[in-house]
Amino acid sequence: MDVVVVGKHTEVDSALRALTVQKVERVTKFASDVRRVDVDYEQHPTRRAEDSHSCEILVHVRQQLVKGTAAGTEHAIALDRALDKVEEQMRRLHGRRVRRRNGSRARSASVAAAAAASSITLTPETDPAERIVVKSKQFDVKPMDVAEAALQMELLGHDFYLFMLADSGRCAVVYRRRDGNLGLIEASS
């Protein structure tokens, strides 16, 4: 990770540069793909004393830019305030990445597990072979290709989708695997 420290209308001494590099290292705990961090210090002599020094932090993450700007009486105070903003945005970005990687399966699994634990209790005499179907659905199976079926599955928020292959006319199921990729089950005859 490269840290670029620049001063606009002000000089950045070595102590402030070292403090900046030390504090900016904290953003790597939220993303391992931080490529570069730009820190711009600026001094505004005509502003009020409480916001005469400003700091802008720009974090270059793969396919993302995270920016935080703050002002203070000194550059170190402005750095702390801007870094708090950047860390909050990096925390949210990390959360979005984790949710996207896990998909809706993780959310629905936790909700289903909580519902199952609270509503269903199996007695010792219940045999898994004696289970009955409690809900049945019927719907029209439309012919489509695998990409369109995957899109329909994502739009519905399901982990699988039943459809008819447009080229062969056979039934198939596209499903989300645990690794996040998609799988396809195709009827043989």
# chains A, B, ... in the order shown; residues from 1 in each chain; ligands from 1
$ select_by_dssp --residues "stretch 120-176 of chain A" --states "alpha helix (DSSP H)" --output "list in words"
Val146, Ala147, Glu148, Ala149, Ala150, Leu151, Gln152, Met153, Glu154, Leu155 and Leu156 of chain A
$ write_last_selection --atoms "C-alpha atoms" --output "mmCIF file, in the first residue's frame"
data_model
loop_
_atom_site.group_PDB
_atom_site.id
_atom_site.type_symbol
_atom_site.label_atom_id
_atom_site.label_comp_id
_atom_site.auth_asym_id
_atom_site.auth_seq_id
_atom_site.Cartn_x
_atom_site.Cartn_y
_atom_site.Cartn_z
ATOM 1 C CA VAL A 146 -29.347 -20.639 -18.133
ATOM 2 C CA ALA A 147 -28.306 -16.967 -17.900
ATOM 3 C CA GLU A 148 -31.929 -15.784 -17.878
ATOM 4 C CA ALA A 149 -32.833 -18.393 -15.242
ATOM 5 C CA ALA A 150 -29.943 -17.205 -13.056
ATOM 6 C CA LEU A 151 -31.195 -13.643 -13.421
ATOM 7 C CA GLN A 152 -34.735 -14.686 -12.469
ATOM 8 C CA MET A 153 -33.365 -16.514 -9.424
ATOM 9 C CA GLU A 154 -31.486 -13.383 -8.307
ATOM 10 C CA LEU A 155 -34.531 -11.168 -8.896
ATOM 11 C CA LEU A 156 -36.722 -13.450 -6.783
#
$ residues_around --residues "A:Arg101" --least-positions-apart "3" --cutoff "8 Å" --atoms "only C-alpha atoms" --output "list in words"
Arg97, Val98 and Gly180 of chain A
$ write_last_selection --atoms "N, CA and C atoms" --output "PDB file, in the first residue's frame"
ATOM      1  N   ARG A  97     -19.411  -6.137   1.094  1.00  0.00           N
ATOM      2  CA  ARG A  97     -18.672  -7.205   0.413  1.00  0.00           C
ATOM      3  C   ARG A  97     -18.967  -8.563   1.031  1.00  0.00           C
ATOM      4  N   VAL A  98     -19.032  -8.625   2.333  1.00  0.00           N
ATOM      5  CA  VAL A  98     -19.306  -9.898   3.005  1.00  0.00           C
ATOM      6  C   VAL A  98     -20.719 -10.375   2.685  1.00  0.00           C
ATOM      7  N   GLY A 180     -20.695 -19.644  -3.596  1.00  0.00           N
ATOM      8  CA  GLY A 180     -21.166 -18.423  -4.240  1.00  0.00           C
ATOM      9  C   GLY A 180     -21.387 -18.564  -5.732  1.00  0.00           C
TER      10      GLY A 180
END
$ atom_distance --atom1 "atom CA of A:Glu186" --atom2 "atom CA of A:Ala172"
4.3 Å
$ select_by_dssp --residues "chain A" --states "strand (DSSP E)" --output "VMD selection string"
chain A and resid 2 to 8 34 to 43 53 to 61 64 to 72 143 to 144 160 to 165 171 to 176 182 to 186
$ residues_around --residues "stretch 87-91 of chain A" --least-positions-apart "3" --cutoff "10 Å" --atoms "only C-alpha atoms" --output "list in words"
Val24, Arg26, Val27, Thr28, Lys29, Phe30, Ala31, Val59, Val61, Leu65, Val66, Lys67, Gly68, Ala82, Leu83, Asp84, His94, Gly95, Arg96 and Arg97 of chain A
$ write_last_selection --atoms "N, CA and C atoms" --output "mmCIF file, in the first residue's frame"
data_model
loop_
_atom_site.group_PDB
_atom_site.id
_atom_site.type_symbol
_atom_site.label_atom_id
_atom_site.label_comp_id
_atom_site.auth_asym_id
_atom_site.auth_seq_id
_atom_site.Cartn_x
_atom_site.Cartn_y
_atom_site.Cartn_z
ATOM 1 N N VAL A 24 -2.877 5.881 9.042
ATOM 2 C CA VAL A 24 -3.568 5.433 7.835
ATOM 3 C C VAL A 24 -3.453 3.923 7.662
ATOM 4 N N ARG A 26 -4.352 1.805 9.586
ATOM 5 C CA ARG A 26 -5.529 1.171 10.201
ATOM 6 C C ARG A 26 -6.588 0.792 9.177
ATOM 7 N N VAL A 27 -6.632 1.455 8.028
ATOM 8 C CA VAL A 27 -7.680 1.150 7.052
ATOM 9 C C VAL A 27 -7.487 -0.212 6.413
ATOM 10 N N THR A 28 -6.293 -0.792 6.501
ATOM 11 C CA THR A 28 -6.067 -2.101 5.890
ATOM 12 C C THR A 28 -6.752 -3.234 6.637
ATOM 13 N N LYS A 29 -7.232 -2.978 7.858
ATOM 14 C CA LYS A 29 -7.922 -4.056 8.579
ATOM 15 C C LYS A 29 -9.306 -4.322 8.005
ATOM 16 N N PHE A 30 -9.854 -3.392 7.201
ATOM 17 C CA PHE A 30 -11.174 -3.579 6.598
ATOM 18 C C PHE A 30 -11.098 -4.125 5.181
ATOM 19 N N ALA A 31 -9.974 -3.933 4.504
ATOM 20 C CA ALA A 31 -9.844 -4.419 3.131
ATOM 21 C C ALA A 31 -8.380 -4.747 2.860
ATOM 22 N N VAL A 59 -8.941 6.823 -0.324
ATOM 23 C CA VAL A 59 -8.436 5.440 -0.298
ATOM 24 C C VAL A 59 -8.826 4.770 -1.602
ATOM 25 N N VAL A 61 -9.370 1.529 -3.317
ATOM 26 C CA VAL A 61 -9.613 0.106 -3.141
ATOM 27 C C VAL A 61 -10.024 -0.417 -4.511
ATOM 28 N N LEU A 65 -13.579 3.892 -4.509
ATOM 29 C CA LEU A 65 -12.860 5.008 -3.906
ATOM 30 C C LEU A 65 -13.599 5.384 -2.632
ATOM 31 N N VAL A 66 -12.863 5.522 -1.555
ATOM 32 C CA VAL A 66 -13.440 5.916 -0.286
ATOM 33 C C VAL A 66 -12.803 7.242 0.104
ATOM 34 N N LYS A 67 -13.647 8.230 0.403
ATOM 35 C CA LYS A 67 -13.144 9.573 0.655
ATOM 36 C C LYS A 67 -13.688 10.101 1.968
ATOM 37 N N GLY A 68 -12.820 10.779 2.705
ATOM 38 C CA GLY A 68 -13.222 11.435 3.942
ATOM 39 C C GLY A 68 -12.535 12.766 4.062
ATOM 40 N N ALA A 82 -11.025 12.974 9.838
ATOM 41 C CA ALA A 82 -11.185 12.424 8.490
ATOM 42 C C ALA A 82 -11.012 10.909 8.509
ATOM 43 N N LEU A 83 -10.073 10.438 9.319
ATOM 44 C CA LEU A 83 -9.834 8.994 9.411
ATOM 45 C C LEU A 83 -11.027 8.278 10.023
ATOM 46 N N ASP A 84 -11.711 8.902 10.980
ATOM 47 C CA ASP A 84 -12.933 8.310 11.535
ATOM 48 C C ASP A 84 -13.991 8.135 10.452
ATOM 49 N N HIS A 94 -16.850 -3.102 3.760
ATOM 50 C CA HIS A 94 -16.528 -4.477 4.143
ATOM 51 C C HIS A 94 -17.801 -5.277 4.386
ATOM 52 N N GLY A 95 -18.777 -4.672 5.062
ATOM 53 C CA GLY A 95 -20.043 -5.351 5.310
ATOM 54 C C GLY A 95 -20.780 -5.679 4.024
ATOM 55 N N ARG A 96 -20.781 -4.736 3.073
ATOM 56 C CA ARG A 96 -21.427 -5.003 1.782
ATOM 57 C C ARG A 96 -20.720 -6.125 1.041
ATOM 58 N N ARG A 97 -19.411 -6.137 1.094
ATOM 59 C CA ARG A 97 -18.672 -7.205 0.413
ATOM 60 C C ARG A 97 -18.967 -8.563 1.031
#
$ residues_around --residues "stretch 7-12 of chain A" --least-positions-apart "6" --cutoff "8 Å" --atoms "only C-alpha atoms" --output "ChimeraX atom specification"
/A:40-44
$ write_last_selection --atoms "C-alpha atoms" --output "short mmCIF file (atom, residue, chain, number, x, y, z; two decimals), in the first residue's frame"
data_model
loop_
_atom_site.label_atom_id
_atom_site.label_comp_id
_atom_site.auth_asym_id
_atom_site.auth_seq_id
_atom_site.Cartn_x
_atom_site.Cartn_y
_atom_site.Cartn_z
CA ASP A 40 -4.02 16.07 1.32
CA TYR A 41 -3.46 18.67 3.99
CA GLU A 42 -4.58 22.23 3.39
CA GLN A 43 -4.42 25.38 5.44
CA HIS A 44 -6.99 28.15 5.04
#
$ residues_around --residues "A:Met164" --least-positions-apart "3" --cutoff "12 Å" --atoms "only C-alpha atoms" --output "list in words"
Asp140, Val141, Lys142, Pro143, Met144, Asp145, Val146, Glu148, Ala149, Tyr161, Asp167, Ser168, Gly169, Arg170, Cys171, Ala172, Val173, Val174, Leu184, Ile185, Glu186 and Ala187 of chain A
$ write_last_selection --atoms "C-alpha atoms" --output "mmCIF file, in the first residue's frame"
data_model
loop_
_atom_site.group_PDB
_atom_site.id
_atom_site.type_symbol
_atom_site.label_atom_id
_atom_site.label_comp_id
_atom_site.auth_asym_id
_atom_site.auth_seq_id
_atom_site.Cartn_x
_atom_site.Cartn_y
_atom_site.Cartn_z
ATOM 1 C CA ASP A 140 -45.811 -22.604 -15.405
ATOM 2 C CA VAL A 141 -42.292 -23.573 -16.416
ATOM 3 C CA LYS A 142 -41.099 -21.247 -19.135
ATOM 4 C CA PRO A 143 -38.425 -22.074 -21.703
ATOM 5 C CA MET A 144 -35.286 -19.937 -21.222
ATOM 6 C CA ASP A 145 -31.511 -20.164 -21.235
ATOM 7 C CA VAL A 146 -29.347 -20.639 -18.133
ATOM 8 C CA GLU A 148 -31.929 -15.784 -17.878
ATOM 9 C CA ALA A 149 -32.833 -18.393 -15.242
ATOM 10 C CA TYR A 161 -34.943 -21.724 -9.835
ATOM 11 C CA ASP A 167 -32.683 -25.469 -26.683
ATOM 12 C CA SER A 168 -33.580 -28.996 -25.505
ATOM 13 C CA GLY A 169 -37.004 -28.566 -23.857
ATOM 14 C CA ARG A 170 -35.899 -30.475 -20.732
ATOM 15 C CA CYS A 171 -36.487 -29.297 -17.188
ATOM 16 C CA ALA A 172 -33.511 -27.937 -15.266
ATOM 17 C CA VAL A 173 -32.716 -26.279 -11.955
ATOM 18 C CA VAL A 174 -30.146 -23.552 -11.487
ATOM 19 C CA LEU A 184 -27.119 -26.529 -12.910
ATOM 20 C CA ILE A 185 -29.128 -29.755 -12.574
ATOM 21 C CA GLU A 186 -30.562 -30.989 -15.840
ATOM 22 C CA ALA A 187 -33.167 -33.731 -16.395
#
$ closest_residue --among "A:Ser52, A:Asn181, A:Thr46, A:Gln63" --to "A:Asp33" --atoms "only C-alpha atoms"
A:Gln63
$ decode --residues "stretch 24-111 of chain A" --atoms "C-alpha atoms" --output "PDB file, in the first residue's frame"
ATOM      1  CA  VAL A  24      -3.568   5.433   7.835  1.00  0.00           C
ATOM      2  CA  GLU A  25      -2.326   1.846   8.204  1.00  0.00           C
ATOM      3  CA  ARG A  26      -5.529   1.171  10.201  1.00  0.00           C
ATOM      4  CA  VAL A  27      -7.680   1.150   7.052  1.00  0.00           C
ATOM      5  CA  THR A  28      -6.067  -2.101   5.890  1.00  0.00           C
ATOM      6  CA  LYS A  29      -7.922  -4.056   8.579  1.00  0.00           C
ATOM      7  CA  PHE A  30     -11.174  -3.579   6.598  1.00  0.00           C
ATOM      8  CA  ALA A  31      -9.844  -4.419   3.131  1.00  0.00           C
ATOM      9  CA  SER A  32      -6.783  -6.302   1.997  1.00  0.00           C
ATOM     10  CA  ASP A  33      -6.883  -4.765  -1.476  1.00  0.00           C
ATOM     11  CA  VAL A  34      -6.053  -1.156  -0.542  1.00  0.00           C
ATOM     12  CA  ARG A  35      -3.707   0.005  -3.281  1.00  0.00           C
ATOM     13  CA  ARG A  36      -3.007   3.629  -2.464  1.00  0.00           C
ATOM     14  CA  VAL A  37      -4.005   6.240   0.098  1.00  0.00           C
ATOM     15  CA  ASP A  38      -3.803   9.945  -0.773  1.00  0.00           C
ATOM     16  CA  VAL A  39      -3.744  12.364   2.164  1.00  0.00           C
ATOM     17  CA  ASP A  40      -4.023  16.069   1.318  1.00  0.00           C
ATOM     18  CA  TYR A  41      -3.460  18.674   3.993  1.00  0.00           C
ATOM     19  CA  GLU A  42      -4.577  22.228   3.387  1.00  0.00           C
ATOM     20  CA  GLN A  43      -4.416  25.380   5.439  1.00  0.00           C
ATOM     21  CA  HIS A  44      -6.990  28.146   5.039  1.00  0.00           C
ATOM     22  CA  PRO A  45      -5.710  31.302   6.757  1.00  0.00           C
ATOM     23  CA  THR A  46      -8.937  33.220   6.103  1.00  0.00           C
ATOM     24  CA  ARG A  47     -11.257  30.707   7.766  1.00  0.00           C
ATOM     25  CA  ARG A  48     -12.277  30.511  11.396  1.00  0.00           C
ATOM     26  CA  ALA A  49      -9.633  29.130  13.709  1.00  0.00           C
ATOM     27  CA  GLU A  50     -11.582  25.938  14.518  1.00  0.00           C
ATOM     28  CA  ASP A  51     -11.583  24.784  10.887  1.00  0.00           C
ATOM     29  CA  SER A  52      -8.525  26.493   9.417  1.00  0.00           C
ATOM     30  CA  HIS A  53      -6.670  23.200   8.805  1.00  0.00           C
ATOM     31  CA  SER A  54      -8.284  20.526   6.638  1.00  0.00           C
ATOM     32  CA  CYS A  55      -7.433  16.972   5.746  1.00  0.00           C
ATOM     33  CA  GLU A  56      -8.767  14.926   2.846  1.00  0.00           C
ATOM     34  CA  ILE A  57      -8.150  11.182   2.688  1.00  0.00           C
ATOM     35  CA  LEU A  58      -8.786   9.245  -0.509  1.00  0.00           C
ATOM     36  CA  VAL A  59      -8.436   5.440  -0.298  1.00  0.00           C
ATOM     37  CA  HIS A  60      -8.079   3.549  -3.573  1.00  0.00           C
ATOM     38  CA  VAL A  61      -9.613   0.106  -3.141  1.00  0.00           C
ATOM     39  CA  ARG A  62     -10.184  -2.263  -6.047  1.00  0.00           C
ATOM     40  CA  GLN A  63     -13.073  -0.792  -8.071  1.00  0.00           C
ATOM     41  CA  GLN A  64     -13.937   1.621  -5.231  1.00  0.00           C
ATOM     42  CA  LEU A  65     -12.860   5.008  -3.906  1.00  0.00           C
ATOM     43  CA  VAL A  66     -13.440   5.916  -0.286  1.00  0.00           C
ATOM     44  CA  LYS A  67     -13.144   9.573   0.655  1.00  0.00           C
ATOM     45  CA  GLY A  68     -13.222  11.435   3.942  1.00  0.00           C
ATOM     46  CA  THR A  69     -12.746  15.144   4.562  1.00  0.00           C
ATOM     47  CA  ALA A  70     -12.581  17.000   7.874  1.00  0.00           C
ATOM     48  CA  ALA A  71     -11.313  20.248   9.351  1.00  0.00           C
ATOM     49  CA  GLY A  72      -9.818  21.192  12.707  1.00  0.00           C
ATOM     50  CA  THR A  73      -7.576  23.604  14.555  1.00  0.00           C
ATOM     51  CA  GLU A  74      -4.497  21.505  13.688  1.00  0.00           C
ATOM     52  CA  HIS A  75      -3.639  19.036  10.971  1.00  0.00           C
ATOM     53  CA  ALA A  76      -3.458  16.125  13.459  1.00  0.00           C
ATOM     54  CA  ILE A  77      -7.015  16.809  14.671  1.00  0.00           C
ATOM     55  CA  ALA A  78      -8.275  17.071  11.095  1.00  0.00           C
ATOM     56  CA  LEU A  79      -6.500  13.779  10.295  1.00  0.00           C
ATOM     57  CA  ASP A  80      -8.233  11.990  13.183  1.00  0.00           C
ATOM     58  CA  ARG A  81     -11.657  13.302  12.163  1.00  0.00           C
ATOM     59  CA  ALA A  82     -11.185  12.424   8.490  1.00  0.00           C
ATOM     60  CA  LEU A  83      -9.834   8.994   9.411  1.00  0.00           C
ATOM     61  CA  ASP A  84     -12.933   8.310  11.535  1.00  0.00           C
ATOM     62  CA  LYS A  85     -15.108   9.042   8.498  1.00  0.00           C
ATOM     63  CA  VAL A  86     -12.989   6.855   6.226  1.00  0.00           C
ATOM     64  CA  GLU A  87     -12.985   3.986   8.712  1.00  0.00           C
ATOM     65  CA  GLU A  88     -16.779   4.100   8.958  1.00  0.00           C
ATOM     66  CA  GLN A  89     -17.086   3.989   5.165  1.00  0.00           C
ATOM     67  CA  MET A  90     -14.542   1.155   4.963  1.00  0.00           C
ATOM     68  CA  ARG A  91     -16.516  -0.747   7.619  1.00  0.00           C
ATOM     69  CA  ARG A  92     -19.701  -0.366   5.559  1.00  0.00           C
ATOM     70  CA  LEU A  93     -17.864  -1.390   2.374  1.00  0.00           C
ATOM     71  CA  HIS A  94     -16.528  -4.477   4.143  1.00  0.00           C
ATOM     72  CA  GLY A  95     -20.043  -5.351   5.310  1.00  0.00           C
ATOM     73  CA  ARG A  96     -21.427  -5.003   1.782  1.00  0.00           C
ATOM     74  CA  ARG A  97     -18.672  -7.205   0.413  1.00  0.00           C
ATOM     75  CA  VAL A  98     -19.306  -9.898   3.005  1.00  0.00           C
ATOM     76  CA  ARG A  99     -23.074  -9.834   2.403  1.00  0.00           C
ATOM     77  CA  ARG A 100     -22.560 -10.005  -1.362  1.00  0.00           C
ATOM     78  CA  ARG A 101     -20.115 -12.897  -1.014  1.00  0.00           C
ATOM     79  CA  ASN A 102     -22.428 -14.857   1.293  1.00  0.00           C
ATOM     80  CA  GLY A 103     -25.539 -13.955  -0.660  1.00  0.00           C
ATOM     81  CA  SER A 104     -29.045 -14.124   0.642  1.00  0.00           C
ATOM     82  CA  ARG A 105     -28.443 -17.689   1.738  1.00  0.00           C
ATOM     83  CA  ALA A 106     -26.706 -16.624   4.951  1.00  0.00           C
ATOM     84  CA  ARG A 107     -29.525 -14.265   5.930  1.00  0.00           C
ATOM     85  CA  SER A 108     -32.278 -16.703   5.042  1.00  0.00           C
ATOM     86  CA  ALA A 109     -30.488 -19.585   6.758  1.00  0.00           C
ATOM     87  CA  SER A 110     -30.205 -17.689  10.026  1.00  0.00           C
ATOM     88  CA  VAL A 111     -33.856 -16.605   9.849  1.00  0.00           C
TER      89      VAL A 111
END
